[in-house]
file upload33.cif (mmCIF, C-alpha atoms)
data_final
loop_
_atom_site.label_atom_id
_atom_site.label_comp_id
_atom_site.auth_asym_id
_atom_site.auth_seq_id
_atom_site.Cartn_x
_atom_site.Cartn_y
_atom_site.Cartn_z
CA MET A 25 -126.40 47.79 -159.91
CA ARG A 26 -125.68 44.14 -159.17
CA ASP A 27 -122.03 45.04 -158.93
CA LEU A 28 -122.88 47.62 -156.26
CA HIS A 29 -124.93 45.19 -154.19
CA LEU A 30 -122.33 42.45 -154.47
CA SER A 31 -119.45 44.61 -153.33
CA LEU A 32 -121.47 46.12 -150.48
CA MET A 33 -122.48 42.63 -149.35
CA ILE A 34 -118.86 41.47 -149.38
CA ALA A 35 -117.94 44.65 -147.49
CA THR A 36 -120.59 43.88 -144.85
CA LEU A 37 -119.31 40.34 -144.40
CA LEU A 38 -115.67 41.38 -144.19
CA GLY A 39 -116.52 44.28 -141.90
CA ALA A 40 -118.42 42.02 -139.50
CA LEU A 41 -115.52 39.55 -139.35
CA GLY A 42 -113.02 42.35 -138.96
CA MET A 43 -114.92 44.09 -136.17
CA TRP A 44 -115.36 40.76 -134.38
CA LEU A 45 -111.63 40.16 -134.51
CA LEU A 46 -110.91 43.73 -133.42
CA LEU A 47 -113.21 43.73 -130.38
CA PRO A 48 -111.60 42.62 -127.13
CA ARG A 49 -112.09 38.88 -126.80
CA GLY A 50 -109.58 37.95 -124.14
CA THR A 51 -106.76 37.33 -126.57
CA ALA A 52 -104.82 39.69 -128.77
CA ARG A 53 -104.60 37.07 -131.51
CA GLY A 54 -106.16 37.97 -134.83
CA ARG A 55 -106.35 41.68 -134.18
CA SER A 56 -104.07 42.57 -137.07
CA LEU A 57 -106.05 40.25 -139.36
CA GLY A 58 -109.20 42.00 -138.15
CA ALA A 59 -107.69 45.39 -138.92
CA VAL A 60 -106.82 44.22 -142.44
CA LEU A 61 -110.34 42.84 -143.02
CA ALA A 62 -111.99 46.00 -141.73
CA ALA A 63 -109.71 48.13 -143.93
CA ILE A 64 -110.67 46.03 -146.98
CA ALA A 65 -114.34 46.49 -146.10
CA LEU A 66 -113.86 50.24 -145.77
CA GLY A 67 -112.10 50.31 -149.16
CA LEU A 68 -114.92 48.33 -150.77
CA ILE A 69 -117.54 50.70 -149.39
CA SER A 70 -115.56 53.78 -150.44
CA SER A 71 -115.04 52.36 -153.93
CA GLN A 72 -118.82 52.63 -154.36
CA MET A 73 -118.92 56.29 -153.36
CA PRO A 74 -119.22 58.70 -156.30
CA GLY A 75 -116.65 61.44 -156.78
CA LEU A 76 -117.28 64.98 -155.64
CA GLY A 77 -116.15 66.77 -158.77
CA ASP A 78 -112.61 68.05 -158.40
CA TRP A 79 -109.75 66.11 -156.89
CA ILE A 80 -109.16 68.55 -153.99
CA ALA A 81 -112.65 68.02 -152.60
CA ASN A 82 -112.27 64.29 -153.17
CA SER A 83 -108.99 63.99 -151.32
CA VAL A 84 -110.06 66.24 -148.42
CA PHE A 85 -113.23 64.22 -148.01
CA ALA A 86 -111.31 60.93 -148.25
CA VAL A 87 -108.78 61.93 -145.59
CA LEU A 88 -111.42 63.27 -143.19
CA SER A 89 -113.77 60.34 -143.54
CA VAL A 90 -111.00 57.75 -143.20
CA VAL A 91 -109.74 59.50 -140.06
CA THR A 92 -113.28 59.57 -138.64
CA VAL A 93 -114.16 55.97 -139.36
CA VAL A 94 -110.80 54.49 -138.35
CA ALA A 95 -110.79 56.47 -135.12
CA SER A 96 -114.32 55.33 -134.32
CA ALA A 97 -113.35 51.70 -134.91
CA CYS A 98 -110.36 52.21 -132.61
CA THR A 99 -112.64 53.79 -129.98
CA ILE A 100 -114.62 50.64 -129.53
CA SER A 101 -111.79 48.17 -130.00
CA PHE A 102 -109.09 49.42 -127.66
CA ARG A 103 -108.94 47.72 -124.29
CA ASN A 104 -107.73 50.63 -122.21
CA PRO A 105 -110.68 53.02 -121.71
CA VAL A 106 -108.35 56.03 -121.64
CA TYR A 107 -107.21 55.20 -125.16
CA CYS A 108 -110.85 54.74 -126.13
CA ALA A 109 -111.62 58.27 -124.94
CA ILE A 110 -108.65 59.72 -126.80
CA TRP A 111 -109.62 57.95 -130.02
CA PHE A 112 -113.11 59.29 -129.53
CA GLY A 113 -111.57 62.76 -129.47
CA MET A 114 -109.95 61.94 -132.81
CA THR A 115 -113.37 60.92 -134.14
CA LEU A 116 -114.76 64.26 -133.01
CA ILE A 117 -112.01 66.14 -134.80
CA GLY A 118 -112.75 64.20 -137.98
CA VAL A 119 -116.48 64.92 -137.66
CA ALA A 120 -115.75 68.61 -137.12
CA GLY A 121 -113.65 68.62 -140.29
CA LEU A 122 -116.49 66.95 -142.18
CA PHE A 123 -118.88 69.63 -140.88
CA LEU A 124 -116.50 72.30 -142.14
CA LEU A 125 -116.29 70.65 -145.55
CA ASN A 126 -120.07 70.64 -145.60
CA GLY A 127 -120.22 74.37 -144.92
CA ALA A 128 -121.52 74.03 -141.37
CA GLN A 129 -118.90 76.27 -139.74
CA PHE A 130 -120.71 76.91 -136.49
CA LEU A 131 -121.38 73.21 -135.94
CA ALA A 132 -117.71 72.37 -136.48
CA VAL A 133 -116.61 74.84 -133.82
CA ALA A 134 -119.42 73.82 -131.46
CA THR A 135 -118.46 70.17 -131.81
CA ILE A 136 -114.87 70.91 -130.92
CA VAL A 137 -115.75 73.21 -128.02
CA VAL A 138 -118.63 71.29 -126.46
CA TYR A 139 -117.70 67.69 -127.23
CA ALA A 140 -113.93 67.60 -127.34
CA GLY A 141 -113.49 70.46 -124.91
CA ALA A 142 -116.09 69.73 -122.26
CA ILE A 143 -117.70 66.30 -122.54
CA LEU A 144 -114.55 64.37 -123.39
CA VAL A 145 -112.51 66.04 -120.66
CA THR A 146 -115.22 65.22 -118.12
CA PHE A 147 -115.06 61.63 -119.31
CA LEU A 148 -111.32 61.55 -118.81
CA PHE A 149 -111.85 62.99 -115.31
CA VAL A 150 -114.27 60.24 -114.40
CA LEU A 151 -111.96 57.63 -115.90
CA MET A 152 -109.13 58.87 -113.73
CA LEU A 153 -111.40 58.85 -110.66
CA ALA A 154 -112.95 55.48 -111.33
CA GLN A 155 -110.18 53.35 -112.72
CA PRO A 156 -109.54 50.21 -110.73
CA GLU A 157 -106.00 49.03 -110.28
CA GLY A 158 -104.43 46.88 -112.92
CA LYS A 159 -106.08 45.60 -116.03
CA ALA A 160 -109.77 44.95 -115.63
CA VAL A 161 -111.29 41.71 -116.88
CA TYR A 162 -114.34 43.50 -118.18
CA ASP A 163 -112.25 45.64 -120.51
CA ARG A 164 -110.73 42.57 -122.13
CA LEU A 165 -113.95 40.64 -122.79
CA SER A 166 -117.04 41.66 -124.73
CA TRP A 167 -120.60 40.55 -124.70
CA GLU A 168 -121.28 38.36 -127.74
CA ALA A 169 -118.73 40.08 -129.97
CA LEU A 170 -119.58 38.12 -133.12
CA ILE A 171 -123.33 38.68 -132.91
CA SER A 172 -123.07 42.37 -132.15
CA ALA A 173 -120.47 42.94 -134.88
CA SER A 174 -122.70 41.18 -137.40
CA ALA A 175 -125.76 43.14 -136.27
CA GLY A 176 -124.02 46.49 -136.56
CA MET A 177 -122.39 45.76 -139.90
CA VAL A 178 -125.59 44.34 -141.36
CA MET A 179 -127.26 47.59 -140.43
CA VAL A 180 -124.47 49.54 -142.12
CA GLY A 181 -124.81 47.31 -145.19
CA ILE A 182 -128.57 47.80 -145.44
CA LEU A 183 -128.27 51.55 -144.99
CA SER A 184 -125.48 52.00 -147.52
CA MET A 185 -127.22 49.75 -150.06
CA THR A 186 -130.40 51.77 -149.71
CA ILE A 187 -128.59 55.08 -149.95
CA CYS A 188 -126.51 54.05 -152.95
CA SER A 189 -129.42 52.53 -154.80
CA VAL A 190 -131.43 55.71 -154.26
CA PHE A 191 -128.75 58.17 -155.29
CA CYS A 192 -126.50 56.26 -157.66
CA THR A 193 -129.08 55.21 -160.24
CA PRO A 194 -129.56 57.58 -163.18
CA ALA A 195 -133.32 57.15 -163.13
CA ALA A 196 -133.54 58.27 -159.53
CA VAL A 197 -131.29 61.28 -159.97
CA ASP A 198 -133.09 62.49 -163.07
CA SER A 199 -136.48 62.36 -161.38
CA PRO A 200 -137.97 65.73 -160.40
CA VAL A 201 -137.93 64.76 -156.72
CA PHE A 202 -134.25 65.64 -156.63
CA THR A 203 -134.10 69.37 -156.94
CA THR A 204 -130.41 69.80 -156.37
CA PRO A 205 -129.63 73.27 -155.08
CA SER A 206 -127.90 75.56 -157.50
CA ALA A 207 -124.65 77.26 -156.55
CA GLU A 208 -126.34 80.69 -156.46
CA ASN A 209 -129.06 79.49 -154.10
CA LEU A 210 -126.49 77.87 -151.82
CA ALA A 211 -124.40 81.05 -151.80
CA GLN A 212 -127.52 82.95 -150.69
CA GLY A 213 -128.49 80.37 -148.08
CA VAL A 214 -126.43 77.80 -146.19
CA LEU A 215 -123.08 78.60 -147.79
CA SER A 216 -123.36 82.37 -147.65
CA PRO A 217 -120.38 84.38 -146.38
CA TYR A 218 -122.56 85.47 -143.47
CA HIS A 219 -123.28 81.87 -142.54
CA VAL A 220 -123.09 82.29 -138.78
CA ALA A 221 -125.16 85.47 -138.82
CA SER A 222 -127.98 83.91 -140.79
CA PHE A 223 -127.70 80.76 -138.69
CA GLY A 224 -128.13 82.81 -135.54
CA THR A 225 -131.05 84.70 -137.03
CA GLU A 226 -132.75 81.43 -137.79
CA LEU A 227 -131.89 79.91 -134.41
CA PHE A 228 -133.06 82.83 -132.29
CA GLY A 229 -135.92 83.81 -134.57
CA ARG A 230 -137.92 80.85 -135.64
CA HIS A 231 -136.66 78.43 -133.00
CA ILE A 232 -136.54 80.72 -129.98
CA ILE A 233 -139.04 78.71 -127.94
CA ALA A 234 -137.10 75.51 -128.54
CA ILE A 235 -133.94 77.29 -127.39
CA GLU A 236 -135.69 78.32 -124.17
CA VAL A 237 -136.88 74.77 -123.60
CA VAL A 238 -133.37 73.44 -124.11
CA GLY A 239 -132.10 75.98 -121.62
CA ALA A 240 -134.61 74.72 -119.06
CA LEU A 241 -133.57 71.16 -119.85
CA LEU A 242 -129.91 71.99 -119.26
CA LEU A 243 -130.80 73.53 -115.90
CA ALA A 244 -132.82 70.44 -114.96
CA ALA A 245 -129.92 68.20 -115.94
CA LEU A 246 -127.56 70.29 -113.82
CA VAL A 247 -129.82 70.04 -110.77
CA GLY A 248 -130.36 66.34 -111.40
CA ALA A 249 -126.66 65.61 -111.62
CA ALA A 250 -126.03 67.54 -108.42
CA VAL A 251 -128.80 65.63 -106.62
CA ILE A 252 -127.50 62.26 -107.82
CA VAL A 253 -123.98 63.04 -106.69
CA ALA A 254 -125.13 64.40 -103.32
CA GLN A 255 -127.19 61.28 -102.60
CA THR A 256 -124.29 58.96 -103.22
CA LYS A 257 -123.39 57.25 -100.03
CA LYS A 258 -120.81 54.75 -99.06
CA ILE A 259 -122.69 51.52 -98.85
CA PRO A 260 -120.70 48.45 -97.85
CA ALA A 261 -120.64 45.92 -100.66
CA ASP A 262 -121.90 43.00 -98.55
CA SER A 263 -125.07 44.84 -97.52
CA LEU A 264 -126.10 44.98 -101.18
CA SER A 265 -125.83 41.25 -101.68
CA GLN A 266 -128.33 40.53 -98.91
CA LYS A 267 -131.73 39.90 -100.31
CA SER A 268 -133.83 42.33 -98.39
CA PRO A 269 -136.93 43.07 -100.41
CA ARG A 270 -137.48 46.74 -100.59
CA PRO A 271 -141.05 47.84 -99.85
CA LEU A 272 -142.99 48.88 -102.89
CA GLY A 273 -142.71 52.53 -103.68
CA ALA A 274 -139.66 53.10 -101.55
CA THR A 275 -137.26 55.59 -103.03
CA ASN A 276 -133.54 55.42 -103.21
CA VAL A 277 -133.10 57.81 -100.34
CA VAL A 278 -131.59 56.02 -97.37
CA VAL A 279 -131.73 57.92 -94.13
CA PRO A 280 -128.17 58.34 -92.99
CA GLN A 281 -127.60 56.73 -89.65
CA GLY A 282 -124.68 56.04 -87.40
CA GLU A 283 -121.46 57.44 -88.72
CA GLY A 284 -121.71 60.21 -91.26
CA PHE A 285 -122.81 58.62 -94.49
CA LEU A 286 -122.97 61.76 -96.49
CA GLN A 287 -119.68 62.60 -98.07
CA LEU A 288 -119.94 66.16 -96.85
CA LYS A 289 -120.21 65.06 -93.25
CA ASP A 290 -117.03 63.01 -93.43
CA ARG A 291 -114.88 66.03 -93.01
CA MET B 23 -124.27 62.75 -161.02
CA SER B 24 -124.03 66.28 -159.76
CA PRO B 25 -121.49 66.98 -157.01
CA GLU B 26 -124.19 67.99 -154.53
CA VAL B 27 -125.93 64.62 -154.79
CA ALA B 28 -122.57 62.85 -154.53
CA LEU B 29 -121.73 64.86 -151.42
CA LEU B 30 -125.05 63.97 -149.80
CA ASN B 31 -124.57 60.31 -150.69
CA ASN B 32 -121.06 60.15 -149.24
CA TYR B 33 -122.01 61.96 -146.05
CA LEU B 34 -124.95 59.65 -145.49
CA ILE B 35 -122.70 56.61 -145.88
CA VAL B 36 -120.09 57.97 -143.45
CA GLY B 37 -122.90 58.76 -141.01
CA ALA B 38 -124.22 55.21 -141.36
CA LEU B 39 -120.74 53.82 -140.70
CA LEU B 40 -120.36 55.92 -137.55
CA PHE B 41 -123.79 54.89 -136.33
CA GLY B 42 -123.12 51.19 -137.00
CA ILE B 43 -119.74 51.19 -135.32
CA GLY B 44 -121.22 52.99 -132.34
CA LEU B 45 -123.99 50.40 -132.21
CA ILE B 46 -121.46 47.56 -132.16
CA GLY B 47 -119.58 49.26 -129.35
CA PHE B 48 -122.69 49.93 -127.32
CA ILE B 49 -123.87 46.33 -127.53
CA SER B 50 -120.59 44.57 -127.02
CA ARG B 51 -118.41 46.63 -124.68
CA ARG B 52 -118.83 46.15 -120.95
CA ASN B 53 -117.17 49.24 -119.54
CA LEU B 54 -119.85 51.79 -118.64
CA ILE B 55 -117.83 54.73 -119.91
CA VAL B 56 -116.90 53.09 -123.22
CA MET B 57 -120.57 52.21 -123.72
CA PHE B 58 -121.43 55.84 -123.27
CA LEU B 59 -118.72 56.92 -125.72
CA ALA B 60 -120.24 54.55 -128.26
CA ALA B 61 -123.67 56.10 -127.70
CA GLU B 62 -122.19 59.54 -128.31
CA MET B 63 -120.67 58.20 -131.52
CA MET B 64 -124.10 57.17 -132.74
CA LEU B 65 -125.24 60.74 -132.11
CA GLN B 66 -122.31 61.97 -134.20
CA GLY B 67 -123.36 59.78 -137.11
CA VAL B 68 -126.88 61.19 -137.00
CA SER B 69 -125.51 64.74 -136.80
CA LEU B 70 -123.41 64.21 -139.94
CA SER B 71 -126.46 63.02 -141.88
CA LEU B 72 -128.53 65.96 -140.65
CA ALA B 73 -125.87 68.48 -141.68
CA ALA B 74 -125.62 66.87 -145.12
CA TRP B 75 -129.40 67.07 -145.59
CA SER B 76 -129.32 70.67 -144.44
CA ARG B 77 -126.93 71.57 -147.25
CA PHE B 78 -128.82 69.53 -149.81
CA HIS B 79 -132.09 71.29 -149.09
CA ASN B 80 -130.40 74.65 -148.57
CA ASN B 81 -132.22 74.96 -145.27
CA PHE B 82 -130.87 75.63 -141.78
CA GLY B 83 -133.29 73.23 -140.10
CA GLY B 84 -130.90 70.28 -140.09
CA GLN B 85 -128.06 72.25 -138.57
CA ILE B 86 -130.35 73.64 -135.88
CA LEU B 87 -131.39 70.11 -135.02
CA VAL B 88 -127.70 69.26 -134.62
CA ILE B 89 -127.36 72.14 -132.15
CA PHE B 90 -130.16 70.59 -130.11
CA ILE B 91 -128.46 67.18 -130.35
CA ILE B 92 -125.30 68.71 -128.91
CA ALA B 93 -127.27 70.31 -126.06
CA ILE B 94 -129.03 67.02 -125.26
CA ALA B 95 -125.69 65.20 -125.37
CA ALA B 96 -124.29 67.65 -122.83
CA CYS B 97 -127.25 67.01 -120.48
CA GLU B 98 -126.85 63.29 -120.99
CA ALA B 99 -123.15 63.43 -120.22
CA ALA B 100 -123.73 65.28 -116.95
CA ILE B 101 -126.42 62.86 -115.75
CA VAL B 102 -124.61 59.73 -116.90
CA LEU B 103 -121.32 60.69 -115.34
CA ALA B 104 -123.02 61.39 -112.01
CA LEU B 105 -124.72 58.00 -112.23
CA VAL B 106 -121.48 56.27 -113.19
CA MET B 107 -119.75 57.79 -110.19
CA ALA B 108 -122.58 56.61 -107.95
CA LEU B 109 -122.43 53.09 -109.40
CA PHE B 110 -118.66 53.00 -109.14
CA GLN B 111 -118.74 53.95 -105.48
CA ARG B 112 -120.98 50.99 -104.75
CA ARG B 113 -119.13 48.27 -106.61
CA GLY B 114 -115.63 49.57 -107.13
CA GLN B 115 -115.57 48.80 -110.83
CA LEU B 116 -117.20 49.99 -114.02
CA ASP B 117 -118.50 46.62 -115.19
CA VAL B 118 -122.08 46.48 -116.47
CA SER B 119 -122.45 42.84 -115.52
CA ASP B 120 -122.18 43.88 -111.86
CA TRP B 121 -125.72 45.14 -112.23
CA GLN B 122 -127.13 42.05 -113.86
CA THR B 123 -129.35 41.41 -110.82
CA LEU B 124 -131.60 43.96 -112.51
CA ARG B 125 -132.20 41.57 -115.42
CA GLU B 126 -135.53 40.06 -116.29
CA GLU B 127 -136.85 37.06 -114.44
CA ASN B 128 -136.01 33.56 -115.69
CA GLN B 129 -132.93 34.81 -117.49
CA PRO B 130 -129.73 32.89 -116.77
CA ALA B 131 -126.98 34.83 -115.09
CA PHE B 132 -123.99 35.85 -117.14
CA ARG B 133 -120.74 34.30 -116.05
CA ASP B 134 -117.30 35.45 -117.06
CA GLN B 135 -115.39 33.01 -119.15
CA PRO B 136 -111.93 32.34 -117.77
CA LEU B 137 -109.53 34.83 -119.24
CA PRO B 138 -106.71 33.07 -121.09
CA GLU B 139 -103.28 33.92 -119.83
CA GLU B 140 -101.49 36.39 -122.02
CA ALA B 141 -97.80 36.98 -122.27
CA GLU B 142 -97.17 40.41 -120.82
CA LEU B 143 -95.58 42.80 -123.24
CA GLN B 144 -92.31 44.20 -122.05
CA GLU B 145 -93.14 47.81 -121.38
CA SER B 146 -90.28 50.24 -121.55
CA TRP B 147 -90.66 53.09 -119.10
CA PRO B 148 -88.42 56.11 -119.17
CA HIS B 149 -85.51 55.62 -116.85
CA LEU B 150 -84.42 58.41 -114.56
CA ALA B 151 -80.95 58.53 -113.12
CA PRO B 152 -81.22 58.11 -109.33
CA ALA B 153 -80.31 61.17 -107.31
CA GLY B 154 -80.24 61.50 -103.55
CA ILE B 155 -81.61 59.02 -101.03
CA GLU B 156 -84.84 57.30 -101.87
CA PRO B 157 -87.38 57.97 -99.14
CA GLU B 158 -89.10 54.99 -97.58
CA VAL B 159 -92.81 55.01 -98.36
CA PRO B 160 -94.80 52.19 -96.78
CA LEU B 161 -96.62 50.12 -99.37
CA GLU B 162 -99.98 50.28 -97.62
CA ARG B 163 -99.95 54.03 -97.81
CA THR B 164 -99.37 54.12 -101.57
CA ASN B 165 -101.95 51.42 -102.19
CA TYR B 166 -104.58 52.80 -99.80
CA ARG B 167 -107.82 53.65 -101.57
CA PRO B 168 -110.69 54.54 -99.26
CA THR B 169 -113.58 53.95 -101.64
CA VAL B 170 -112.63 50.59 -103.11
#
call {"tool": "encode", "arguments": {"input": "upload33.cif", "output": "structure tokens"}}
result
Amino acid sequence: MRDLHLSLMIATLLGALGMWLLLPRGTARGRSLGAVLAAIALGLISSQMPGLGDWIANSVFAVLSVVTVVASACTISFRNPVYCAIWFGMTLIGVAGLFLLNGAQFLAVATIVVYAGAILVTFLFVLMLAQPEGKAVYDRLSWEALISASAGMVMVGILSMTICSVFCTPAAVDSPVFTTPSAENLAQGVLSPYHVASFGTELFGRHIIAIEVVGALLLAALVGAAVIVAQTKKIPADSLSQKSPRPLGATNVVVPQGEGFLQLKDR
Amino acid sequence: MSPEVALLNNYLIVGALLFGIGLIGFISRRNLIVMFLAAEMMLQGVSLSLAAWSRFHNNFGGQILVIFIIAIAACEAAIVLALVMALFQRRGQLDVSDWQTLREENQPAFRDQPLPEEAELQESWPHLAPAGIEPEVPLERTNYRPTV
């Protein structure tokens, strides 16, 4: 027990240092050291994870989780936002594999289709549209890298310590609170061969009203995005720096005047 | 320890790692789009934990919640990307600190520290053998960008 807490604490410390060195700080110095420290922290955390039974499940889980975590660390530490987006795609593929390993087939496919196929490609579109020339200063500097890295890793440390001390102690596992599902029950339920069919029955049976609400929400988001884009006008940069107090309650809508402000009228 | 408990434990830890790394990215990065990617990563961490709980309890509720998370993330992406385009058209860059006039009163303004000079890496681009006469393209035409 003390061993577990000690190694997780060391992992938190090393992970915070490693993430601080990996985040863009203006220099590229220390990035490889940061990668080594973060890898040691990841190894320390994974050394505290219990085995899954047979070695095939263990190795599949190890590969998928290492791919996911390393790609997510790369997502936030690369300086070029296009690389960040591509590493995020790698994270999504790892997460989809973890879903599959967990028996959530539909979620794995939905993650690939919706996230990697739609959201990520839209991101890349916007990156292409909105990428200033040359290397941007704001991509090479971070806000308070050390403090944020410590905050995030301390949160990871607290969470993993809590999780491990709940599940990894014999007293906790033997208590009647943990009714682990038997293989027969799982084969009837979540892991059944008709997983997607029973998932759909559940989704469109018990949760049909929530599905309708989400559909309405998607429509509202669509309309909202269209309205935001249509209101976008070309406003000269110097007019924004003037301090003209806006009357209380005024909305963002500026009446177009003079030359055609609306993008549609430009043509 | 039974394999099911071990599986739940490992998935929760991987989910916590994804959430924490996303948190670090959201706090520290300054590019609007990378911040949003980090927020999506936090959602992924939560989704992993929910799917693991769903298997542990042999109940579809967790997975259905993940479906709703995906739907909300799609809405969020549409709205945020429209907003990012609007912000970019006003300032010409994706920096969050451009919008620091929105900060609370009595807070000091953030100033960029001077960026230390860095030796440029020698990039090797693929070299094409020249063929024909190179057309003259005026530089102002290639560099012209109407919105910036």
call {"tool": "resolve_selection", "arguments": {"input": "upload33.cif", "expression": "the PyMOL selection byres ((chain B and resi 88-97) around 8)", "output": "VMD selection string"}}
result
(chain A and resid 131 135 138 to 139 143 238 241 to 242 245 to 246) or (chain B and resid 62 65 69 72 to 73 84 to 87 98 to 101)
call {"tool": "residues_around", "arguments": {"input": "upload33.cif", "residues": "segment 127-134 of chain B", "least_positions_apart": "5", "cutoff": "12 Å", "atoms": "all atoms listed in the file", "output": "PDB file with C-alpha atoms, keeping the file's coordinate frame"}}
result
ATOM      1  CA  ARG A  49    -112.090  38.880-126.800  1.00  0.00           C
ATOM      2  CA  GLY A  50    -109.580  37.950-124.140  1.00  0.00           C
ATOM      3  CA  VAL A 161    -111.290  41.710-116.880  1.00  0.00           C
ATOM      4  CA  TYR A 162    -114.340  43.500-118.180  1.00  0.00           C
ATOM      5  CA  ASP A 163    -112.250  45.640-120.510  1.00  0.00           C
ATOM      6  CA  ARG A 164    -110.730  42.570-122.130  1.00  0.00           C
ATOM      7  CA  LEU A 165    -113.950  40.640-122.790  1.00  0.00           C
ATOM      8  CA  SER A 166    -117.040  41.660-124.730  1.00  0.00           C
ATOM      9  CA  TRP A 167    -120.600  40.550-124.700  1.00  0.00           C
ATOM     10  CA  GLU A 168    -121.280  38.360-127.740  1.00  0.00           C
TER      11      GLU A 168
ATOM     12  CA  ARG B  52    -118.830  46.150-120.950  1.00  0.00           C
ATOM     13  CA  ASP B 117    -118.500  46.620-115.190  1.00  0.00           C
ATOM     14  CA  VAL B 118    -122.080  46.480-116.470  1.00  0.00           C
ATOM     15  CA  SER B 119    -122.450  42.840-115.520  1.00  0.00           C
ATOM     16  CA  ASP B 120    -122.180  43.880-111.860  1.00  0.00           C
ATOM     17  CA  TRP B 121    -125.720  45.140-112.230  1.00  0.00           C
ATOM     18  CA  GLN B 122    -127.130  42.050-113.860  1.00  0.00           C
TER      19      GLN B 122
END
call {"tool": "closest_residue", "arguments": {"input": "upload33.cif", "among": "B:Asn165, B:Gln115, B:Ser71, B:Ser146", "to": "chain A", "atoms": "only C-alpha atoms"}}
result
B:Gln115
call {"tool": "residues_around", "arguments": {"input": "upload33.cif", "residues": "segment 206-217 of chain A", "least_positions_apart": "3", "cutoff": "10 Å", "atoms": "all atoms listed in the file", "output": "PyMOL selection string"}}
result
(chain A and resi 126-129+203+220-223) or (chain B and resi 26+76-82+85)
call {"tool": "closest_atom_pairs", "arguments": {"input": "upload33.cif", "of": "chain A", "to": "chain B", "cutoff": "7 Å", "atoms": "all atoms listed in the file", "output": "CSV"}}
result
residue,atom,partner,partner_atom,distance
A:Gly50,CA,B:Leu137,CA,5.8
A:Thr51,CA,B:Pro138,CA,6.9
A:Met73,CA,B:Asn32,CA,6.0
A:Pro74,CA,B:Ala28,CA,5.6
A:Gly75,CA,B:Ala28,CA,6.5
A:Leu76,CA,B:Pro25,CA,4.9
A:Gly77,CA,B:Pro25,CA,5.6
A:Ser89,CA,B:Val36,CA,6.8
A:Val93,CA,B:Leu40,CA,6.5
A:Ser96,CA,B:Leu40,CA,6.9
A:Ala97,CA,B:Ile43,CA,6.4
A:Ile100,CA,B:Gly47,CA,5.2
A:Pro105,CA,B:Val56,CA,6.4
A:Cys108,CA,B:Val56,CA,6.9
A:Asn126,CA,B:Ala74,CA,6.7
A:Ile143,CA,B:Ala99,CA,6.6
A:Ala154,CA,B:Phe110,CA,6.6
A:Pro156,CA,B:Gln115,CA,6.2
A:Tyr162,CA,B:Arg52,CA,5.9
A:Asp163,CA,B:Asn53,CA,6.2
A:Ser166,CA,B:Ser50,CA,5.1
A:Trp167,CA,B:Ser50,CA,4.6
A:Glu168,CA,B:Ser50,CA,6.3
A:Ala169,CA,B:Ser50,CA,5.7
A:Ser172,CA,B:Ile46,CA,5.4
A:Ala173,CA,B:Ile46,CA,5.5
A:Gly176,CA,B:Gly42,CA,4.8
A:Met177,CA,B:Gly42,CA,6.2
A:Met179,CA,B:Gly42,CA,6.5
A:Val180,CA,B:Gly42,CA,5.5
A:Leu183,CA,B:Ala38,CA,6.6
A:Ser184,CA,B:Ile35,CA,5.6
A:Ile187,CA,B:Asn31,CA,6.6
A:Cys188,CA,B:Asn31,CA,6.9
A:Phe191,CA,B:Asn31,CA,6.6
A:Thr204,CA,B:Glu26,CA,6.7
A:Pro205,CA,B:Phe78,CA,6.5
A:Leu210,CA,B:Asn80,CA,6.0
A:Gly213,CA,B:Asn80,CA,6.1
A:Val214,CA,B:Asn80,CA,5.6
A:Phe223,CA,B:Phe82,CA,6.8
A:Leu227,CA,B:Ile86,CA,6.6
A:Leu242,CA,B:Cys97,CA,5.8
A:Ala245,CA,B:Cys97,CA,5.4
A:Gly248,CA,B:Ile101,CA,6.8
A:Ala249,CA,B:Ile101,CA,5.0
A:Ile252,CA,B:Ala104,CA,6.2
A:Val253,CA,B:Ala104,CA,5.7
A:Thr256,CA,B:Ala108,CA,5.6
A:Lys258,CA,B:Gln111,CA,6.8
A:Ile259,CA,B:Arg112,CA,6.2
A:Ala261,CA,B:Arg112,CA,6.5
call {"tool": "atom_distance", "arguments": {"input": "upload33.cif", "atom1": "atom CA of Ala35 of chain A", "atom2": "atom CA of Leu57 of chain A"}}
result
15.1 Å
call {"tool": "closest_residue", "arguments": {"input": "upload33.cif", "among": "A:Val106, A:Ala250, A:Leu116, A:Ala134", "to": "Leu151 of chain A", "atoms": "all atoms listed in the file"}}
result
A:Val106
call {"tool": "atom_distance", "arguments": {"input": "upload33.cif", "atom1": "atom CA of Ala175 of chain A", "atom2": "atom CA of Ser189 of chain A"}}
result
21.1 Å
call {"tool": "atom_distance", "arguments": {"input": "upload33.cif", "atom1": "atom CA of Val94 of chain A", "atom2": "atom CA of Ala140 of chain A"}}
result
17.4 Å
call {"tool": "resolve_selection", "arguments": {"input": "upload33.cif", "expression": "the PyMOL selection byres ((chain A and resi 45) around 8)", "output": "JSON, numbers by chain"}}
result
{"A": [41, 42, 43, 44, 46, 47, 48, 49, 54, 55, 57, 58, 59]}
call {"tool": "write_last_selection", "arguments": {"input": "upload33.cif", "atoms": "C-alpha atoms", "output": "tab-separated table (two decimals), keeping the file's coordinate frame"}}
result
chain	number	residue	atom	x	y	z
A	41	LEU	CA	-115.52	39.55	-139.35
A	42	GLY	CA	-113.02	42.35	-138.96
A	43	MET	CA	-114.92	44.09	-136.17
A	44	TRP	CA	-115.36	40.76	-134.38
A	46	LEU	CA	-110.91	43.73	-133.42
A	47	LEU	CA	-113.21	43.73	-130.38
A	48	PRO	CA	-111.60	42.62	-127.13
A	49	ARG	CA	-112.09	38.88	-126.80
A	54	GLY	CA	-106.16	37.97	-134.83
A	55	ARG	CA	-106.35	41.68	-134.18
A	57	LEU	CA	-106.05	40.25	-139.36
A	58	GLY	CA	-109.20	42.00	-138.15
A	59	ALA	CA	-107.69	45.39	-138.92
